[in-house]
$ cat upload.txt   # compact mmCIF, C-alpha atoms and all ligand atoms
# COMPACT_ATOMS: atom_id res chain seq x y z
CA MET A 232 109.87 135.40 111.37
CA LYS A 233 108.69 132.93 114.02
CA GLU A 234 111.17 130.58 115.71
CA LEU A 235 112.10 127.51 113.64
CA GLU A 236 110.97 125.26 116.51
CA LEU A 237 107.44 126.65 116.24
CA ARG A 238 107.40 126.38 112.44
CA ILE A 239 108.61 122.76 112.57
CA SER A 240 105.97 121.80 115.12
CA ARG A 241 103.13 123.49 113.29
CA ALA A 242 104.15 121.94 109.95
CA ILE A 243 104.21 118.45 111.47
CA LEU A 244 100.89 118.89 113.26
CA ARG A 245 99.13 120.52 110.30
CA ASN A 246 100.22 117.84 107.80
CA SER A 247 99.84 114.84 110.10
CA VAL A 248 96.37 115.77 111.30
CA ARG A 249 95.27 116.57 107.73
CA GLU A 250 96.32 113.09 106.59
CA LEU A 251 94.90 111.32 109.62
CA ILE A 252 91.55 112.96 108.88
CA GLU A 253 91.88 112.02 105.20
CA TYR A 254 92.55 108.38 106.13
CA SER A 255 89.91 108.14 108.86
CA ASP A 256 87.52 106.59 106.29
CA VAL A 257 89.03 104.23 103.71
CA ASP A 258 88.15 101.25 101.56
CA VAL A 259 90.50 98.83 103.33
CA VAL A 260 92.29 98.83 106.69
CA ILE A 261 95.14 96.32 106.83
CA VAL A 262 96.29 95.52 110.34
CA GLY A 263 99.99 94.64 110.32
CA ALA A 264 102.88 95.61 108.00
CA GLY A 265 104.30 92.08 107.75
CA PRO A 266 104.74 90.24 104.43
CA SER A 267 101.08 89.37 103.94
CA GLY A 268 99.81 92.84 104.89
CA LEU A 269 102.27 94.73 102.68
CA THR A 270 101.60 92.45 99.72
CA ALA A 271 97.85 92.88 100.10
CA ALA A 272 98.33 96.65 100.39
CA ARG A 273 100.18 96.91 97.09
CA TYR A 274 97.69 94.89 95.05
CA LEU A 275 94.67 96.65 96.53
CA ALA A 276 96.18 100.10 96.02
CA MET A 277 97.14 99.19 92.43
CA ASN A 278 93.47 98.35 91.92
CA GLY A 279 92.45 101.86 92.91
CA PHE A 280 91.31 101.20 96.48
CA ARG A 281 92.14 103.59 99.33
CA VAL A 282 94.25 101.48 101.65
CA VAL A 283 95.74 102.19 105.04
CA VAL A 284 98.17 99.81 106.80
CA LEU A 285 98.31 100.19 110.59
CA GLU A 286 101.49 98.86 112.20
CA ARG A 287 102.03 99.02 115.92
CA ARG A 288 105.82 98.91 115.67
CA LEU A 289 108.06 101.62 114.20
CA SER A 290 109.36 99.29 111.49
CA PHE A 291 108.23 97.29 108.47
CA GLY A 292 108.25 93.60 107.76
CA GLY A 293 106.90 91.84 110.86
CA GLY A 294 108.64 88.46 111.10
CA ILE A 295 110.85 88.98 108.03
CA GLY A 296 113.66 90.73 109.89
CA GLY A 297 114.40 87.72 112.06
CA GLY A 298 115.09 85.61 108.94
CA GLY A 299 115.52 81.93 109.83
CA MET A 300 116.85 81.86 113.40
CA LEU A 301 118.47 85.27 112.80
CA PHE A 302 120.27 84.18 109.63
CA HIS A 303 119.64 86.87 107.04
CA LYS A 304 118.17 84.72 104.27
CA ILE A 305 114.51 84.04 103.52
CA VAL A 306 113.31 81.18 101.35
CA VAL A 307 110.45 81.06 98.85
CA SER A 308 109.27 78.45 96.37
CA SER A 309 108.86 79.13 92.65
CA GLU A 310 105.13 79.97 93.02
CA ALA A 311 106.02 83.27 94.69
CA LEU A 312 108.48 84.46 92.03
CA PRO A 313 105.92 86.50 90.03
CA ILE A 314 105.16 88.48 93.19
CA LEU A 315 108.89 89.08 93.81
CA ASN A 316 109.15 90.32 90.22
CA ASP A 317 106.19 92.67 90.75
CA PHE A 318 107.99 94.20 93.74
CA ASP A 319 111.39 94.21 91.97
CA ILE A 320 112.87 91.97 94.70
CA LYS A 321 116.09 90.12 93.79
CA TYR A 322 116.34 86.35 94.32
CA TYR A 323 118.46 83.44 93.19
CA ARG A 324 118.10 79.67 93.22
CA ASP A 325 119.84 77.68 95.94
CA ASP A 326 122.76 75.51 94.68
CA GLU A 327 121.11 72.27 95.75
CA GLU A 328 117.39 72.74 96.39
CA ASP A 329 114.55 74.00 94.24
CA LEU A 330 114.20 76.96 96.60
CA TYR A 331 114.81 80.66 96.00
CA MET A 332 116.81 82.87 98.33
CA ILE A 333 116.18 86.51 99.28
CA ASP A 334 117.98 88.82 101.71
CA SER A 335 115.60 89.55 104.57
CA SER A 336 116.56 93.25 104.50
CA GLU A 337 115.65 93.52 100.81
CA LEU A 338 112.35 91.72 101.30
CA MET A 339 111.33 94.03 104.16
CA ALA A 340 112.37 97.20 102.40
CA LYS A 341 110.99 96.43 98.96
CA LEU A 342 107.63 95.09 100.13
CA ALA A 343 107.17 98.40 101.94
CA VAL A 344 108.35 100.44 98.95
CA GLY A 345 106.06 98.45 96.66
CA ALA A 346 103.04 99.10 98.86
CA ILE A 347 103.84 102.81 99.24
CA ASN A 348 104.60 103.33 95.54
CA ALA A 349 101.27 101.74 94.63
CA GLY A 350 99.54 104.37 96.81
CA ALA A 351 98.93 102.58 100.12
CA LYS A 352 99.36 104.69 103.25
CA ILE A 353 101.29 103.17 106.14
CA PHE A 354 101.01 104.55 109.68
CA HIS A 355 103.50 103.30 112.25
CA GLY A 356 103.12 103.27 116.02
CA ILE A 357 99.35 102.66 115.86
CA HIS A 358 97.89 99.67 117.65
CA VAL A 359 94.53 98.25 116.59
CA GLU A 360 92.81 97.39 119.82
CA ASP A 361 89.27 96.61 118.69
CA VAL A 362 86.84 96.64 115.77
CA ILE A 363 83.66 98.58 115.02
CA TYR A 364 80.62 96.43 114.23
CA ARG A 365 77.00 96.81 113.21
CA GLU A 366 74.13 94.32 113.54
CA ASN A 367 71.33 93.18 111.21
CA PRO A 368 73.19 92.11 109.22
CA LEU A 369 76.31 91.76 111.34
CA ARG A 370 79.27 93.45 109.72
CA ILE A 371 82.68 94.81 110.70
CA THR A 372 82.82 98.47 109.68
CA GLY A 373 86.23 99.61 110.91
CA VAL A 374 88.81 99.52 113.67
CA VAL A 375 89.52 101.13 117.04
CA ILE A 376 93.00 102.63 117.21
CA GLN A 377 95.39 103.78 119.89
CA TRP A 378 99.01 105.00 119.88
CA SER A 379 101.27 102.02 120.64
CA ALA A 380 103.09 104.25 123.13
CA VAL A 381 99.86 104.68 125.09
CA VAL A 382 99.22 100.92 125.07
CA MET A 383 102.77 100.30 126.30
CA SER A 384 102.46 102.94 129.03
CA GLY A 385 99.37 101.30 130.49
CA LEU A 386 97.63 104.70 130.75
CA HIS A 387 93.85 104.69 130.45
CA VAL A 388 93.29 106.78 127.30
CA ASP A 389 90.20 106.48 125.13
CA PRO A 390 90.92 105.55 121.50
CA LEU A 391 89.86 106.91 118.09
CA PHE A 392 88.30 105.12 115.11
CA ILE A 393 88.85 104.44 111.41
CA THR A 394 85.90 103.29 109.33
CA SER A 395 86.33 101.07 106.28
CA ARG A 396 84.56 98.72 103.89
CA ALA A 397 86.99 95.91 104.74
CA VAL A 398 89.43 95.11 107.56
CA VAL A 399 92.24 92.58 107.05
CA ASP A 400 93.76 90.75 110.01
CA ALA A 401 97.39 90.41 108.87
CA THR A 402 98.75 90.39 112.42
CA GLY A 403 100.61 87.07 112.15
CA HIS A 404 100.73 84.16 114.58
CA ASP A 405 98.53 85.79 117.24
CA ALA A 406 95.67 86.78 114.90
CA GLU A 407 95.00 89.70 117.19
CA VAL A 408 91.96 91.14 115.44
CA LEU A 409 90.26 87.74 115.22
CA GLN A 410 91.03 87.13 118.89
CA ILE A 411 89.29 90.36 119.82
CA VAL A 412 86.25 89.55 117.68
CA SER A 413 85.98 86.01 119.07
CA ARG A 414 86.05 87.35 122.63
CA LYS A 415 83.94 90.48 122.28
CA ILE A 416 81.37 89.46 119.66
CA PRO A 417 80.74 85.80 120.56
CA GLU A 418 77.57 85.69 118.46
CA VAL A 419 79.69 85.59 115.28
CA GLY A 420 80.93 82.17 116.40
CA ILE A 421 84.65 82.61 115.69
CA SER A 422 86.85 80.35 117.78
CA LEU A 423 90.60 80.62 117.60
CA PRO A 424 92.35 77.31 118.19
CA GLY A 425 95.83 78.65 117.25
CA GLU A 426 98.30 77.11 114.84
CA SER A 427 99.53 73.53 114.85
CA SER A 428 103.12 72.19 114.82
CA ALA A 429 105.41 72.45 111.81
CA TYR A 430 104.46 70.85 108.47
CA SER A 431 105.81 73.38 106.00
CA GLU A 432 104.70 71.82 102.72
CA LEU A 433 101.10 71.32 103.82
CA SER A 434 100.83 74.69 105.51
CA GLU A 435 102.25 76.64 102.56
CA LYS A 436 99.37 75.30 100.48
CA ILE A 437 96.41 75.48 102.87
CA VAL A 438 97.18 78.94 104.26
CA VAL A 439 96.66 80.36 100.78
CA GLU A 440 93.54 78.27 100.14
CA LYS A 441 91.92 79.35 103.42
CA THR A 442 92.77 83.04 103.01
CA GLY A 443 89.66 85.18 102.66
CA MET A 444 86.56 86.55 104.34
CA VAL A 445 85.83 85.45 107.91
CA ILE A 446 82.65 87.46 108.46
CA PRO A 447 81.31 90.34 106.36
CA GLY A 448 83.81 93.18 106.46
CA LEU A 449 86.56 91.11 108.10
CA TYR A 450 89.24 89.19 106.16
CA VAL A 451 92.28 87.18 107.18
CA ALA A 452 95.71 86.75 105.54
CA GLY A 453 99.13 85.33 106.38
CA MET A 454 99.85 83.39 109.57
CA ALA A 455 96.61 84.63 111.14
CA VAL A 456 94.94 82.14 108.75
CA ALA A 457 96.88 79.33 110.44
CA ALA A 458 95.78 80.51 113.89
CA LEU A 459 92.14 80.60 112.78
CA TYR A 460 92.04 77.15 111.18
CA LYS A 461 94.67 75.36 113.32
CA LEU A 462 96.97 74.90 110.35
CA PRO A 463 100.60 73.87 110.80
CA ARG A 464 103.36 76.48 111.00
CA MET A 465 105.88 76.60 108.17
CA GLY A 466 108.88 78.52 109.52
CA PRO A 467 111.02 80.84 107.38
CA ILE A 468 109.56 79.95 103.99
CA PHE A 469 107.52 82.96 102.92
CA SER A 470 105.83 82.02 99.63
CA SER A 471 102.43 81.54 101.26
CA MET A 472 102.65 84.87 103.09
CA LEU A 473 103.09 86.69 99.78
CA LEU A 474 100.53 84.54 97.95
CA SER A 475 98.04 84.94 100.80
CA GLY A 476 98.45 88.74 100.70
CA LYS A 477 97.82 88.74 96.96
CA ARG A 478 94.84 86.43 97.30
CA VAL A 479 93.13 88.48 100.00
CA ALA A 480 93.60 91.57 97.80
CA GLU A 481 91.89 89.80 94.89
CA ILE A 482 89.00 88.58 97.08
CA ILE A 483 88.42 92.03 98.59
CA ALA A 484 88.67 93.73 95.21
CA ASN A 485 86.00 91.38 93.91
CA ASP A 486 83.74 91.82 96.97
CA LEU A 487 84.00 95.62 97.03
CA LYS A 488 83.29 95.98 93.35
CA LYS A 489 79.96 94.12 93.67
O1 LIG B 1 104.01 88.47 112.03
P1 LIG B 1 103.97 89.05 110.67
O2 LIG B 1 105.19 89.01 109.85
O3 LIG B 1 102.69 88.41 109.92
P2 LIG B 1 102.47 87.67 108.52
O4 LIG B 1 102.34 88.65 107.42
O5 LIG B 1 103.84 86.85 108.29
C1 LIG B 1 104.27 85.84 109.15
C2 LIG B 1 105.75 85.64 108.96
O6 LIG B 1 106.46 86.81 109.29
C3 LIG B 1 106.36 84.49 109.78
C4 LIG B 1 105.97 83.15 109.34
C5 LIG B 1 105.89 82.84 107.88
O7 LIG B 1 106.69 81.81 107.58
O8 LIG B 1 105.78 82.28 110.15
O9 LIG B 1 106.03 84.68 111.13
O10 LIG B 1 101.38 86.72 108.75
O11 LIG B 1 103.53 90.59 110.77
C6 LIG B 1 102.44 90.99 111.54
C7 LIG B 1 102.59 92.47 111.86
O12 LIG B 1 101.41 92.89 112.52
C8 LIG B 1 101.76 93.79 113.57
C9 LIG B 1 103.08 93.25 114.09
O13 LIG B 1 103.82 94.25 114.76
C10 LIG B 1 103.76 92.78 112.81
O14 LIG B 1 104.57 93.77 112.23
N1 LIG B 1 100.66 93.75 114.55
C11 LIG B 1 100.31 92.69 115.32
N2 LIG B 1 99.23 93.01 116.08
C12 LIG B 1 98.92 94.31 115.77
C13 LIG B 1 99.83 94.78 114.80
C14 LIG B 1 97.91 95.21 116.23
N3 LIG B 1 97.00 94.85 117.15
N4 LIG B 1 97.89 96.47 115.72
C15 LIG B 1 98.80 96.86 114.78
N5 LIG B 1 99.78 96.04 114.32
$ encode --input "upload.txt" --output "structure tokens"
Amino acid sequence: MKELELRISRAILRNSVRELIEYSDVDVVIVGAGPSGLTAARYLAMNGFRVVVLERRLSFGGGIGGGGMLFHKIVVSSEALPILNDFDIKYYRDDEEDLYMIDSSELMAKLAVGAINAGAKIFHGIHVEDVIYRENPLRITGVVIQWSAVVMSGLHVDPLFITSRAVVDATGHDAEVLQIVSRKIPEVGISLPGESSAYSELSEKIVVEKTGMVIPGLYVAGMAVAALYKLPRMGPIFSSMLLSGKRVAEIIANDLKK
């Protein structure tokens, strides 16, 4: 019998590499495992699409964990309750306001469980550093990936690629994928003004309305929508993040089925 150390290592390498090869070509790449990305992942996977979520950190939930100024409660309005029910997330109504309360830990955990149980694959510690594009007609056809540890080390290491029929920028306030596209493919004409100051009620509405395709193959959801269209920020009310994730999933499902 070989040493256990060798058997452990070979089992991890064999299974990880097999899956990385399997997920090197998918229907949808979602960049970011925050609330919008995880919600989109569940609804797309439930619809039968092969979905991979790439998250540069070693955790789920993006901005959920910080709650509102580190308090452990998240707020949603009644519009998001059907999504909470779909994910089996517990909530209750505030004593005084028509707002619904969720523990941030439960929201993070159950959004991730919901996405995974629906069949989405989530890889942690992978940083999306660029996109793949083709001309005539111009289209985004995948992403360029690197280990987050390599990015943090500052070493010069060439990346690898994942091809897909759709890429979703669900990277939050910085809209990192859109920033890259606006800088590196100027001919697509994307400019990124960044979000505006707080106006929660307005922002909750328009973020969902403006969710969708940016250019063929590239979609935007969550706070990245606000960065793209200079919409106000809304703070720790998360209805529009969940609704935006669901909406982008519906739009992509419709586009890919054509
Ligand atoms: O920031 P994040 O939670 O985005 P979101 O889904 O939700 C925004 C809210 O959390 C909150 C808010 C709502 O009221 O204002 O901020 O729009 O999650 C984005 C995730 O993307 C990851 C990042 O680590 C985070 O978990 N991410 C960002 N850039 C990259 C990335 C990248 N280049 N590659 C991989 N992951």
$ residues_around --input "upload.txt" --residues "Val284 (chain A)" --least-positions-apart "3" --cutoff "8 Å" --atoms "only C-alpha atoms" --output "ChimeraX atom specification"
/A:260-264,268-269,272,351-354
$ closest_residue --input "upload.txt" --among "A:Val439, A:Met444, A:Ile376, A:Met465" --to "Leu251 (chain A)" --atoms "only C-alpha atoms"
A:Ile376
$ residues_near_ligand --input "upload.txt" --ligand "ligand LIG 1 (chain B)" --cutoff "7 Å" --atoms "all atoms listed in the file" --output "PyMOL selection string"
chain A and resi 262-268+285-288+291-295+357-360+401-404+407-408+452-455+464-469+472
$ atom_distance --input "upload.txt" --atom1 "CA of Ser428 (chain A)" --atom2 "CA of Leu473 (chain A)"
20.9 Å
$ closest_residue --input "upload.txt" --among "A:Arg245, A:Ser427, A:Tyr254, A:Ser470" --to "Ile333 (chain A)" --atoms "all atoms listed in the file"
A:Ser470
$ residues_near_point --input "upload.txt" --point "(83.1, 94.1, 109.3)" --cutoff "8 Å" --atoms "only C-alpha atoms" --output "list in words"
Val362, Ile363, Tyr364, Arg365, Leu369, Arg370, Ile371, Thr372, Gly373, Arg396, Ala397, Val398, Ile446, Pro447, Gly448 and Leu449 of chain A
$ residues_near_point --input "upload.txt" --point "(86.5, 105.8, 106.4)" --cutoff "7 Å" --atoms "only C-alpha atoms" --output "count of residues only"
8
$ closest_residue --input "upload.txt" --among "A:Asp361, A:Ala380, A:Ala458, A:Arg249" --to "Lys415 (chain A)" --atoms "all atoms listed in the file"
A:Asp361
$ atom_distance --input "upload.txt" --atom1 "CA of Glu432 (chain A)" --atom2 "CA of Ile314 (chain A)"
19.2 Å
$ residues_around --input "upload.txt" --residues "Arg478 (chain A)" --least-positions-apart "5" --cutoff "8 Å" --atoms "only C-alpha atoms" --output "count of residues only"
4
$ atom_distance --input "upload.txt" --atom1 "CA of Val344 (chain A)" --atom2 "CA of Arg273 (chain A)"
9.1 Å
$ residues_around --input "upload.txt" --residues "Glu328 (chain A)" --least-positions-apart "2" --cutoff "12 Å" --atoms "all atoms listed in the file" --output "MDAnalysis selection string"
chainID A and resid 306:309 323:326 330:332
$ write_last_selection --input "upload.txt" --atoms "C-alpha atoms" --output "PDB file, in the frame of the given file"
ATOM      1  CA  VAL A 306     113.310  81.180 101.350  1.00  0.00           C
ATOM      2  CA  VAL A 307     110.450  81.060  98.850  1.00  0.00           C
ATOM      3  CA  SER A 308     109.270  78.450  96.370  1.00  0.00           C
ATOM      4  CA  SER A 309     108.860  79.130  92.650  1.00  0.00           C
ATOM      5  CA  TYR A 323     118.460  83.440  93.190  1.00  0.00           C
ATOM      6  CA  ARG A 324     118.100  79.670  93.220  1.00  0.00           C
ATOM      7  CA  ASP A 325     119.840  77.680  95.940  1.00  0.00           C
ATOM      8  CA  ASP A 326     122.760  75.510  94.680  1.00  0.00           C
ATOM      9  CA  LEU A 330     114.200  76.960  96.600  1.00  0.00           C
ATOM     10  CA  TYR A 331     114.810  80.660  96.000  1.00  0.00           C
ATOM     11  CA  MET A 332     116.810  82.870  98.330  1.00  0.00           C
TER      12      MET A 332
END
$ closest_residue --input "upload.txt" --among "A:Ile421, A:Val456, A:Leu462, A:Val259" --to "Phe280 (chain A)" --atoms "only C-alpha atoms"
A:Val259
